[in-house]
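Enquirer: Dropping in start_34.pdb, with PDB, C-alpha atoms and all ligand atoms.
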```
ATOM      1  CA  PRO O   1      19.260   5.055 -15.092
ATOM      2  CA  THR O   2      16.410   4.241 -12.751
ATOM      3  CA  ARG O   3      14.933   7.080 -10.772
ATOM      4  CA  ARG O   4      16.105   7.131  -7.185
ATOM      5  CA  SER O   5      12.769   6.428  -5.463
ATOM      6  CA  SER O   6      12.078   8.655  -2.496
ATOM      7  CA  ASP O   7      10.875   7.304   0.825
ATOM      8  CA  LEU O   8       7.170   7.765   1.446
ATOM      9  CA  ILE O   9       5.049   7.262   4.558
ATOM     10  CA  ALA O  10       1.594   5.800   3.969
ATOM     11  CA  PRO O  11      -0.512   5.665   7.139
ATOM     12  CA  SER O  12      -3.384   3.179   6.918
ATOM     13  CA  ILE O  13      -6.784   4.568   7.864
ATOM     14  CA  LEU O  14      -7.758   1.020   8.837
ATOM     15  CA  SER O  15      -6.722   2.097  12.333
ATOM     16  CA  ALA O  16      -8.377   5.550  12.202
ATOM     17  CA  ASP O  17     -11.710   6.629  13.702
ATOM     18  CA  TYR O  18     -14.250   5.651  11.027
ATOM     19  CA  ALA O  19     -16.784   8.204  12.273
ATOM     20  CA  ASN O  20     -14.339  11.056  11.633
ATOM     21  CA  PHE O  21     -12.455  10.406   8.427
ATOM     22  CA  GLU O  22     -12.374  14.088   7.528
ATOM     23  CA  SER O  23     -10.471  15.093  10.647
ATOM     24  CA  GLU O  24      -8.346  11.940  10.573
ATOM     25  CA  LEU O  25      -7.172  12.772   7.050
ATOM     26  CA  LYS O  26      -6.389  16.341   8.126
ATOM     27  CA  ARG O  27      -4.343  14.989  11.027
ATOM     28  CA  LEU O  28      -2.339  12.798   8.653
ATOM     29  CA  GLU O  29      -1.770  15.662   6.252
ATOM     30  CA  ALA O  30      -0.586  17.943   9.045
ATOM     31  CA  ALA O  31       1.752  15.218  10.288
ATOM     32  CA  GLY O  32       3.509  15.138   6.896
ATOM     33  CA  ALA O  33       2.166  11.816   5.646
ATOM     34  CA  ASP O  34       2.621  11.245   1.920
ATOM     35  CA  TYR O  35      -0.239   8.847   1.200
ATOM     36  CA  ALA O  36      -3.469   7.846   2.851
ATOM     37  CA  HIS O  37      -3.411   4.057   2.565
ATOM     38  CA  ILE O  38      -6.997   2.850   2.221
ATOM     39  CA  ASP O  39      -7.589  -0.814   3.071
ATOM     40  CA  VAL O  40     -10.640  -2.079   1.247
ATOM     41  CA  MET O  41     -11.785  -5.502   2.498
ATOM     42  CA  ASP O  42     -14.728  -7.445   1.104
ATOM     43  CA  GLY O  43     -15.415 -10.187   3.664
ATOM     44  CA  HIS O  44     -14.480 -12.744   1.009
ATOM     45  CA  PHE O  45     -10.837 -12.407  -0.016
ATOM     46  CA  VAL O  46     -10.241 -11.554   3.647
ATOM     47  CA  PRO O  47     -12.665 -12.117   6.534
ATOM     48  CA  ASN O  48     -13.458  -8.494   7.415
ATOM     49  CA  ILE O  49     -15.477  -5.849   5.631
ATOM     50  CA  THR O  50     -14.187  -2.273   5.826
ATOM     51  CA  PHE O  51     -15.259   0.397   3.351
ATOM     52  CA  GLY O  52     -15.915   0.741  -0.353
ATOM     53  CA  ALA O  53     -15.724   3.288  -3.159
ATOM     54  CA  GLY O  54     -18.568   5.364  -1.677
ATOM     55  CA  VAL O  55     -16.527   6.103   1.417
ATOM     56  CA  VAL O  56     -13.499   6.978  -0.701
ATOM     57  CA  ALA O  57     -15.614   9.394  -2.765
ATOM     58  CA  SER O  58     -16.860  11.062   0.424
ATOM     59  CA  MET O  59     -13.319  11.532   1.705
ATOM     60  CA  ARG O  60     -11.907  12.838  -1.575
ATOM     61  CA  PRO O  61     -12.966  16.517  -1.280
ATOM     62  CA  HIS O  62     -11.443  16.716   2.195
ATOM     63  CA  SER O  63      -7.875  15.693   1.437
ATOM     64  CA  LYS O  64      -5.036  16.349  -0.967
ATOM     65  CA  LEU O  65      -3.168  13.230   0.152
ATOM     66  CA  VAL O  66      -2.461  10.586  -2.447
ATOM     67  CA  PHE O  67      -5.195   7.972  -2.008
ATOM     68  CA  ASP O  68      -3.405   4.633  -2.093
ATOM     69  CA  CYS O  69      -6.238   2.110  -2.395
ATOM     70  CA  HIS O  70      -5.299  -1.442  -1.410
ATOM     71  CA  LEU O  71      -8.095  -3.680  -2.627
ATOM     72  CA  MET O  72      -8.317  -6.887  -0.616
ATOM     73  CA  VAL O  73     -11.234  -8.068  -2.685
ATOM     74  CA  THR O  74     -11.955 -11.050  -4.893
ATOM     75  CA  ASN O  75     -12.154 -10.209  -8.618
ATOM     76  CA  PRO O  76     -10.941  -6.635  -8.184
ATOM     77  CA  GLU O  77     -11.492  -5.941 -11.897
ATOM     78  CA  LYS O  78     -15.194  -5.564 -11.109
ATOM     79  CA  HIS O  79     -14.512  -2.593  -8.859
ATOM     80  CA  ILE O  80     -11.755  -0.671 -10.622
ATOM     81  CA  GLU O  81     -14.106   1.742 -12.359
ATOM     82  CA  ASP O  82     -15.832   2.627  -9.080
ATOM     83  CA  PHE O  83     -12.560   3.405  -7.308
ATOM     84  CA  VAL O  84     -11.283   5.470 -10.233
ATOM     85  CA  ARG O  85     -14.482   7.506 -10.165
ATOM     86  CA  ALA O  86     -14.198   7.850  -6.379
ATOM     87  CA  GLY O  87     -10.838   9.591  -6.766
ATOM     88  CA  ALA O  88      -8.243   6.891  -6.115
ATOM     89  CA  ASP O  89      -4.706   7.882  -7.153
ATOM     90  CA  ILE O  90      -3.209   4.398  -6.910
ATOM     91  CA  ILE O  91      -5.150   1.140  -7.121
ATOM     92  CA  THR O  92      -3.297  -1.932  -5.896
ATOM     93  CA  ILE O  93      -4.759  -5.385  -6.453
ATOM     94  CA  HIS O  94      -3.798  -8.866  -5.260
ATOM     95  CA  VAL O  95      -2.407 -11.339  -7.766
ATOM     96  CA  GLU O  96      -4.137 -14.069  -5.709
ATOM     97  CA  ALA O  97      -7.542 -12.417  -6.155
ATOM     98  CA  THR O  98      -8.040 -12.769  -9.898
ATOM     99  CA  PRO O  99      -7.118 -15.059 -12.785
ATOM    100  CA  HIS O 100      -6.950 -11.893 -14.930
ATOM    101  CA  ILE O 101      -4.180  -9.931 -13.262
ATOM    102  CA  HIS O 102      -2.627  -8.697 -16.513
ATOM    103  CA  GLY O 103      -5.879  -7.364 -17.941
ATOM    104  CA  ALA O 104      -6.929  -5.859 -14.634
ATOM    105  CA  LEU O 105      -3.667  -3.912 -14.314
ATOM    106  CA  GLN O 106      -4.032  -2.696 -17.894
ATOM    107  CA  GLN O 107      -7.532  -1.548 -17.010
ATOM    108  CA  ILE O 108      -6.249   0.482 -14.051
ATOM    109  CA  ARG O 109      -3.607   2.223 -16.128
ATOM    110  CA  ALA O 110      -5.966   2.845 -19.022
ATOM    111  CA  ALA O 111      -8.217   4.682 -16.558
ATOM    112  CA  GLY O 112      -5.354   7.081 -15.863
ATOM    113  CA  VAL O 113      -4.466   6.067 -12.330
ATOM    114  CA  LYS O 114      -1.358   4.370 -11.008
ATOM    115  CA  ALA O 115      -1.456   0.593 -10.866
ATOM    116  CA  GLY O 116      -0.080  -1.620  -8.138
ATOM    117  CA  VAL O 117       0.146  -5.361  -7.659
ATOM    118  CA  VAL O 118       0.377  -7.031  -4.267
ATOM    119  CA  ILE O 119       1.669 -10.405  -3.115
ATOM    120  CA  ASN O 120       0.743 -12.200   0.105
ATOM    121  CA  PRO O 121       3.447 -13.683   2.347
ATOM    122  CA  GLY O 122       3.063 -17.114   0.725
ATOM    123  CA  THR O 123       3.206 -15.842  -2.848
ATOM    124  CA  PRO O 124       6.547 -15.804  -4.697
ATOM    125  CA  VAL O 125       7.860 -12.845  -6.722
ATOM    126  CA  GLN O 126       7.745 -15.161  -9.715
ATOM    127  CA  ALA O 127       3.921 -14.843  -9.668
ATOM    128  CA  ILE O 128       4.135 -11.178 -10.705
ATOM    129  CA  LYS O 129       7.283 -11.261 -12.808
ATOM    130  CA  HIS O 130       5.374 -10.932 -16.055
ATOM    131  CA  VAL O 131       3.351  -7.904 -15.005
ATOM    132  CA  LEU O 132       6.147  -5.790 -13.546
ATOM    133  CA  GLY O 133       6.189  -3.670 -16.693
ATOM    134  CA  LEU O 134       2.527  -2.795 -16.124
ATOM    135  CA  VAL O 135       2.769  -1.424 -12.603
ATOM    136  CA  ASP O 136       3.924   1.696 -10.804
ATOM    137  CA  GLN O 137       4.087  -0.038  -7.461
ATOM    138  CA  VAL O 138       4.584  -3.512  -6.036
ATOM    139  CA  LEU O 139       3.255  -4.129  -2.550
ATOM    140  CA  VAL O 140       4.879  -6.911  -0.561
ATOM    141  CA  MET O 141       2.639  -7.896   2.353
ATOM    142  CA  THR O 142       4.716  -8.181   5.504
ATOM    143  CA  VAL O 143       1.772  -9.778   7.351
ATOM    144  CA  ASN O 144      -1.124 -11.892   6.125
ATOM    145  CA  PRO O 145      -3.809  -9.460   4.969
ATOM    146  CA  GLY O 146      -7.042  -8.933   6.851
ATOM    147  CA  PHE O 147      -6.192  -7.368  10.186
ATOM    148  CA  GLY O 148      -4.241  -4.470  11.620
ATOM    149  CA  GLY O 149      -1.885  -4.880  14.536
ATOM    150  CA  GLN O 150      -0.200  -8.148  13.541
ATOM    151  CA  ALA O 151       3.474  -8.992  13.975
ATOM    152  CA  PHE O 152       5.853  -8.215  11.099
ATOM    153  CA  LEU O 153       7.036 -11.316   9.179
ATOM    154  CA  PRO O 154      10.793 -10.826   8.567
ATOM    155  CA  GLU O 155      10.946 -13.728   6.094
ATOM    156  CA  THR O 156       8.973 -11.615   3.584
ATOM    157  CA  LEU O 157      11.928  -9.237   3.165
ATOM    158  CA  VAL O 158      13.813 -11.636   0.924
ATOM    159  CA  LYS O 159      11.110 -10.863  -1.662
ATOM    160  CA  VAL O 160      11.643  -7.130  -1.216
ATOM    161  CA  SER O 161      15.341  -7.634  -1.962
ATOM    162  CA  GLU O 162      14.538  -9.826  -4.930
ATOM    163  CA  LEU O 163      12.255  -7.133  -6.339
ATOM    164  CA  ALA O 164      14.810  -4.408  -5.684
ATOM    165  CA  SER O 165      17.367  -6.383  -7.733
ATOM    166  CA  LEU O 166      14.880  -6.944 -10.530
ATOM    167  CA  ARG O 167      14.048  -3.246 -10.524
ATOM    168  CA  GLU O 168      17.725  -2.459 -10.918
ATOM    169  CA  GLN O 169      18.463  -5.149 -13.526
ATOM    170  CA  GLU O 170      15.499  -4.390 -15.721
ATOM    171  CA  GLN O 171      15.554  -0.627 -15.123
ATOM    172  CA  LEU O 172      11.953  -0.626 -13.920
ATOM    173  CA  GLN O 173      10.323   2.519 -12.613
ATOM    174  CA  LEU O 174       8.426   1.170  -9.666
ATOM    175  CA  ASP O 175       7.977   1.787  -5.991
ATOM    176  CA  ILE O 176       8.299  -1.078  -3.544
ATOM    177  CA  GLU O 177       5.764  -0.803  -0.736
ATOM    178  CA  VAL O 178       5.577  -2.844   2.451
ATOM    179  CA  ASP O 179       2.445  -3.273   4.549
ATOM    180  CA  GLY O 180       1.898  -4.870   7.940
ATOM    181  CA  GLY O 181       3.653  -4.667  11.269
ATOM    182  CA  ILE O 182       5.645  -1.573  10.335
ATOM    183  CA  ASP O 183       6.955   0.449  13.279
ATOM    184  CA  ASN O 184      10.061   2.541  13.926
ATOM    185  CA  GLN O 185      12.205  -0.621  14.082
ATOM    186  CA  THR O 186      10.844  -2.830  11.301
ATOM    187  CA  ILE O 187      10.748   0.148   8.915
ATOM    188  CA  LYS O 188      14.554   0.161   8.962
ATOM    189  CA  LEU O 189      14.744  -3.507   7.963
ATOM    190  CA  ALA O 190      12.276  -2.917   5.137
ATOM    191  CA  LYS O 191      14.228   0.069   3.856
ATOM    192  CA  GLU O 192      17.478  -1.879   4.020
ATOM    193  CA  ALA O 193      15.901  -4.618   1.906
ATOM    194  CA  GLY O 194      14.921  -2.053  -0.740
ATOM    195  CA  ALA O 195      11.402  -0.835   0.076
ATOM    196  CA  ASN O 196      10.592   2.858  -0.284
ATOM    197  CA  VAL O 197       6.868   3.147   0.563
ATOM    198  CA  PHE O 198       5.958   2.257   4.128
ATOM    199  CA  VAL O 199       2.401   1.550   5.261
ATOM    200  CA  ALA O 200       1.700   1.778   8.984
ATOM    201  CA  GLY O 201      -1.683   1.530  10.653
ATOM    202  CA  SER O 202      -1.691   0.694  14.334
ATOM    203  CA  TYR O 203       1.714   2.298  14.915
ATOM    204  CA  VAL O 204       0.551   5.679  13.568
ATOM    205  CA  PHE O 205      -2.797   5.764  15.351
ATOM    206  CA  LYS O 206      -1.766   4.281  18.691
ATOM    207  CA  GLY O 207      -0.400   7.636  19.839
ATOM    208  CA  ASP O 208      -0.075  11.235  18.773
ATOM    209  CA  VAL O 209      -0.207  11.022  14.975
ATOM    210  CA  ASP O 210       2.309  13.849  14.497
ATOM    211  CA  HIS O 211       4.795  12.210  16.774
ATOM    212  CA  GLN O 212       4.304   8.724  15.367
ATOM    213  CA  VAL O 213       4.808   9.841  11.750
ATOM    214  CA  GLN O 214       7.843  11.809  12.855
ATOM    215  CA  THR O 215       9.435   8.777  14.522
ATOM    216  CA  LEU O 216       8.931   6.729  11.356
ATOM    217  CA  LYS O 217      10.663   9.416   9.298
ATOM    218  CA  GLU O 218      13.492   9.671  11.783
ATOM    219  CA  ALA O 219      13.982   5.894  11.728
ATOM    220  CA  LEU O 220      14.527   6.121   7.963
ATOM    221  CA  HIS O 221      17.384   8.533   8.484
ATOM    222  CA  ASP O 222      19.167   6.607  11.240
TER     223      ASP O 222
HETATM  224  C1  LIG Y 301      -3.649  -5.521   6.530
HETATM  225  C2  LIG Y 301      -3.687  -4.160   5.875
HETATM  226  C3  LIG Y 301      -2.687  -3.227   6.439
HETATM  227  C4  LIG Y 301      -2.899  -2.907   7.870
HETATM  228  C5  LIG Y 301      -1.592  -2.615   8.482
HETATM  229  O1  LIG Y 301      -4.583  -6.328   5.921
HETATM  230  O2  LIG Y 301      -3.436  -4.272   4.508
HETATM  231  O3  LIG Y 301      -2.638  -2.030   5.673
HETATM  232  O4  LIG Y 301      -3.725  -1.811   8.080
HETATM  233  O5  LIG Y 301      -1.797  -2.447   9.829
HETATM  234  P1  LIG Y 301      -0.615  -2.499  10.862
HETATM  235  O6  LIG Y 301       0.315  -1.387  10.498
HETATM  236  O7  LIG Y 301      -1.307  -2.280  12.158
HETATM  237  O8  LIG Y 301       0.008  -3.838  10.729
HETATM  238 ZN    ZN Y 302      -2.980  -2.359   3.260
END
```
Would you write the structure of this file as structure tokens?
Expert:
Amino acid sequence: PTRRSSDLIAPSILSADYANFESELKRLEAAGADYAHIDVMDGHFVPNITFGAGVVASMRPHSKLVFDCHLMVTNPEKHIEDFVRAGADIITIHVEATPHIHGALQQIRAAGVKAGVVINPGTPVQAIKHVLGLVDQVLVMTVNPGFGGQAFLPETLVKVSELASLREQEQLQLDIEVDGGIDNQTIKLAKEAGANVFVAGSYVFKGDVDHQVQTLKEALHD
């Protein structure tokens, strides 16, 4: 039988104060966050540039949170080694970003960290069907990647349901993560569709972090 996946909250530090990552991570930990979701953008796969492996390495000694690294970079296979060395716990890469998705996911796992694959709103589940056995996590983007604070795209949830059925049918051990536009309302829709890891950036950091994380958790139990 497949493991009953537990619900996890993954605040995105994309919306944190970049001059104070140490205290921001401590705030998240105190609030009961499960992961620190780290949005790496390269100015190529997506328009913005955020932070790289050096920043992750600097944060590592200051936090016990699971570092969930979401690489929005072209040819992610070139950077896997750096993020492993920096202390990433999960490395999630876009199927749209490399012609070598299978090999890249193998590389992540061989390095001893958890592997994730991510699909953009326009990408079908079919595109990752043949690598589902190689991943610990599938991330379904619920906005187009590149920016925080965008509106949730409800039409992406059909893919979450599709993945949840596949997980059941094929007895796969994987988490289904959603990312983009998650708040205390949309999180319920995502959970209903079958997601169990919830990324939230602007919602968590727009107010008191403790309170915001709490309201997300409460929404899951409604
Ligand atoms: C978007 C990033 C998201 C983003 C989510 O490219 O992958 O992780 O930070 O931000 P919100 O929760 O504000 O939509
Ligand atoms: Zn992300």
Enquirer: Report as a list in words the full result of the PyMOL selection byres (((chain O and resi 70) around 7) and not hetatm) when it is applied to this structure.
Expert: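 Output of the PyMOL selection byres (((chain O and resi 70) around 7) and not hetatm): Ile38, Asp39, Val40, Asp68, Cys69, Leu71, Met72, Ile91, Thr92 and Ile93 of chain O.
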Enquirer: Using all atoms listed in the file, pick whichever of O:Ala33, O:Val199, O:Lys114, O:Ala151 has the shortest atom-to-atom distance to ligand ZN 302 (chain Y).
Expert: O:Val199
Enquirer: Just how far from CA of Val135 (chain O) is CA of Gly112 (chain O), in Å to one decimal?
Expert: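 For CA of Gly112 (chain O) relative to CA of Val135 (chain O), the distance reads 12.2 Å.
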Enquirer: Selection in question (the file shown): the PyMOL selection byres (((chain O and resi 57) around 12) and not hetatm). Which residues does it include, as a list in words?
Expert: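 Taken over the shown coordinates, the PyMOL selection byres (((chain O and resi 57) around 12) and not hetatm) returns Phe21, Glu22, Ile38, Phe51, Gly52, Ala53, Gly54, Val55, Val56, Ser58, Met59, Arg60, Pro61, His62, Ser63, Phe67, Cys69, Asp82, Phe83, Val84, Arg85, Ala86, Gly87, Ala88 and Asp89 of chain O.
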Enquirer: Could you produce a table of the residues of chain O lying within 12 Å of ligand ZN 302 (chain Y), with the nearest pair of atoms per residue and their separation in Å rounded to one decimal, using all atoms listed in the file, ordered by chain and increasing residue number, as a Markdown table?
Expert:
```
| residue | atom | partner | partner_atom | distance |
| --- | --- | --- | --- | --- |
| O:Ala10 | CA | Y:ZN302 | ZN | 9.4 |
| O:Pro11 | CA | Y:ZN302 | ZN | 9.2 |
| O:Ser12 | CA | Y:ZN302 | ZN | 6.6 |
| O:Ile13 | CA | Y:ZN302 | ZN | 9.1 |
| O:Leu14 | CA | Y:ZN302 | ZN | 8.1 |
| O:Ser15 | CA | Y:ZN302 | ZN | 10.8 |
| O:Tyr35 | CA | Y:ZN302 | ZN | 11.7 |
| O:Ala36 | CA | Y:ZN302 | ZN | 10.2 |
| O:His37 | CA | Y:ZN302 | ZN | 6.5 |
| O:Ile38 | CA | Y:ZN302 | ZN | 6.7 |
| O:Asp39 | CA | Y:ZN302 | ZN | 4.9 |
| O:Val40 | CA | Y:ZN302 | ZN | 7.9 |
| O:Met41 | CA | Y:ZN302 | ZN | 9.4 |
| O:Val46 | CA | Y:ZN302 | ZN | 11.7 |
| O:Thr50 | CA | Y:ZN302 | ZN | 11.5 |
| O:Phe67 | CA | Y:ZN302 | ZN | 11.8 |
| O:Asp68 | CA | Y:ZN302 | ZN | 8.8 |
| O:Cys69 | CA | Y:ZN302 | ZN | 7.9 |
| O:His70 | CA | Y:ZN302 | ZN | 5.3 |
| O:Leu71 | CA | Y:ZN302 | ZN | 7.9 |
| O:Met72 | CA | Y:ZN302 | ZN | 8.0 |
| O:Val73 | CA | Y:ZN302 | ZN | 11.7 |
| O:Ile91 | CA | Y:ZN302 | ZN | 11.2 |
| O:Thr92 | CA | Y:ZN302 | ZN | 9.2 |
| O:Ile93 | CA | Y:ZN302 | ZN | 10.3 |
| O:His94 | CA | Y:ZN302 | ZN | 10.8 |
| O:Gly116 | CA | Y:ZN302 | ZN | 11.8 |
| O:Val117 | CA | Y:ZN302 | ZN | 11.7 |
| O:Val118 | CA | Y:ZN302 | ZN | 9.5 |
| O:Ile119 | CA | Y:ZN302 | ZN | 11.3 |
| O:Asn120 | CA | Y:ZN302 | ZN | 11.0 |
| O:Leu139 | CA | Y:ZN302 | ZN | 8.7 |
| O:Val140 | CA | Y:ZN302 | ZN | 9.9 |
| O:Met141 | CA | Y:ZN302 | ZN | 7.9 |
| O:Thr142 | CA | Y:ZN302 | ZN | 9.9 |
| O:Val143 | CA | Y:ZN302 | ZN | 9.7 |
| O:Asn144 | CA | Y:ZN302 | ZN | 10.1 |
| O:Pro145 | CA | Y:ZN302 | ZN | 7.4 |
| O:Gly146 | CA | Y:ZN302 | ZN | 8.5 |
| O:Phe147 | CA | Y:ZN302 | ZN | 9.1 |
| O:Gly148 | CA | Y:ZN302 | ZN | 8.7 |
| O:Gly149 | CA | Y:ZN302 | ZN | 11.6 |
| O:Glu177 | CA | Y:ZN302 | ZN | 9.7 |
| O:Val178 | CA | Y:ZN302 | ZN | 8.6 |
| O:Asp179 | CA | Y:ZN302 | ZN | 5.7 |
| O:Gly180 | CA | Y:ZN302 | ZN | 7.2 |
| O:Gly181 | CA | Y:ZN302 | ZN | 10.7 |
| O:Ile182 | CA | Y:ZN302 | ZN | 11.2 |
| O:Val197 | CA | Y:ZN302 | ZN | 11.6 |
| O:Phe198 | CA | Y:ZN302 | ZN | 10.1 |
| O:Val199 | CA | Y:ZN302 | ZN | 6.9 |
| O:Ala200 | CA | Y:ZN302 | ZN | 8.5 |
| O:Gly201 | CA | Y:ZN302 | ZN | 8.5 |
| O:Ser202 | CA | Y:ZN302 | ZN | 11.6 |
```
Enquirer: Rank nothing, just name the residue among O:Pro76, O:Pro121, O:Gly194, O:Gly32 nearest to ligand LIG 301 (chain Y), using all atoms listed in the file.
Expert: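 Answer, going by the shortest atom-to-atom distance: O:Pro121.
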Enquirer: Decode the PyMOL selection byres (((chain O and resi 102-106) around 12) and not hetatm) for the given file into explicit residues and return them as number ranges by chain.
Expert: O: 75-81, 90-95, 97-101, 107-118, 127-138
Enquirer: Quick one: residues within 9 Å of region 161-163 of chain O, only C-alpha atoms, excluding same-chain residues fewer than 2 positions away - as a PyMOL selection string?
Expert: chain O and resi 125+138+157-159+165-168+176+192-195
Enquirer: At what distance in Å, to one decimal, does CA of Thr186 (chain O) lie from CA of Lys64 (chain O)?
Expert: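 These atoms are spaced 27.8 Å apart.
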Enquirer: Pick out the closest residue to ligand LIG 301 (chain Y) from this set: O:Asp175, O:Leu65, O:Lys217, O:Gly43. Count all atoms listed in the file.
Expert: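 Among O:Asp175, O:Leu65, O:Lys217, O:Gly43, it is O:Gly43 that comes nearest to ligand LIG 301 (chain Y).
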Enquirer: For region 64-81 of chain O, take all atoms listed in the file, fit an axis-aligned box around them, add 6 Å to each of the six sides, then output centre and edge lengths in Å rounded to one decimal, as lines of an AutoDock Vina configuration file.
Expert:
```
center_x = -8.8
center_y = 2.6
center_z = -6.1
size_x = 24.7
size_y = 39.4
size_z = 24.5
```
Enquirer: With only C-alpha atoms and all ligand atoms as the atoms that count, which of O:Gln214, O:Ser23, O:Gln150, O:Thr156 lies nearest to ligand LIG 301 (chain Y)?
Expert: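 For ligand LIG 301 (chain Y), the nearest of the candidates is O:Gln150.
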Enquirer: Quick one: pull the distance between CA of Leu25 (chain O) and CA of Leu174 (chain O), Å, one decimal.
Expert: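 Those two atoms sit 25.6 Å apart.
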Enquirer: Saving region 66-78 of chain O with N, CA, C and O atoms, as a short mmCIF file (atom, residue, chain, number, x, y, z; two decimals), in the first residue's frame, what would that file be?
Expert:
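part.cif, freshly written:
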```cif
data_model
loop_
_atom_site.label_atom_id
_atom_site.label_comp_id
_atom_site.auth_asym_id
_atom_site.auth_seq_id
_atom_site.Cartn_x
_atom_site.Cartn_y
_atom_site.Cartn_z
N VAL O 66 13.98 21.54 6.07
CA VAL O 66 14.28 20.87 4.81
C VAL O 66 14.41 21.95 3.73
O VAL O 66 13.51 22.77 3.56
N PHE O 67 15.53 21.97 3.05
CA PHE O 67 15.74 22.94 1.97
C PHE O 67 15.23 22.34 0.66
O PHE O 67 15.81 21.42 0.09
N ASP O 68 14.12 22.89 0.22
CA ASP O 68 13.39 22.42 -0.96
C ASP O 68 13.75 23.37 -2.10
O ASP O 68 13.16 24.44 -2.24
N CYS O 69 14.76 22.98 -2.89
CA CYS O 69 15.30 23.89 -3.90
C CYS O 69 14.59 23.70 -5.24
O CYS O 69 14.68 22.64 -5.86
N HIS O 70 13.90 24.73 -5.66
CA HIS O 70 13.14 24.74 -6.92
C HIS O 70 13.98 25.49 -7.95
O HIS O 70 14.06 26.72 -7.90
N LEU O 71 14.59 24.75 -8.84
CA LEU O 71 15.50 25.37 -9.80
C LEU O 71 14.75 25.80 -11.07
O LEU O 71 14.40 24.96 -11.90
N MET O 72 14.54 27.09 -11.19
CA MET O 72 13.96 27.63 -12.43
C MET O 72 15.12 28.11 -13.27
O MET O 72 15.34 29.31 -13.45
N VAL O 73 15.88 27.14 -13.75
CA VAL O 73 17.08 27.45 -14.53
C VAL O 73 17.15 26.53 -15.75
O VAL O 73 16.70 25.39 -15.71
N THR O 74 17.71 27.08 -16.81
CA THR O 74 17.92 26.30 -18.03
C THR O 74 19.08 25.32 -17.79
O THR O 74 20.06 25.67 -17.13
N ASN O 75 18.96 24.13 -18.32
CA ASN O 75 19.99 23.08 -18.15
C ASN O 75 20.39 22.90 -16.67
O ASN O 75 21.55 23.06 -16.29
N PRO O 76 19.41 22.52 -15.86
CA PRO O 76 19.68 22.39 -14.42
C PRO O 76 20.78 21.37 -14.11
O PRO O 76 21.43 21.47 -13.07
N GLU O 77 20.99 20.41 -15.02
CA GLU O 77 22.00 19.38 -14.74
C GLU O 77 23.39 19.98 -14.48
O GLU O 77 24.20 19.39 -13.79
N LYS O 78 23.61 21.18 -15.00
CA LYS O 78 24.91 21.83 -14.79
C LYS O 78 25.09 22.34 -13.36
O LYS O 78 26.20 22.71 -12.97
#
```
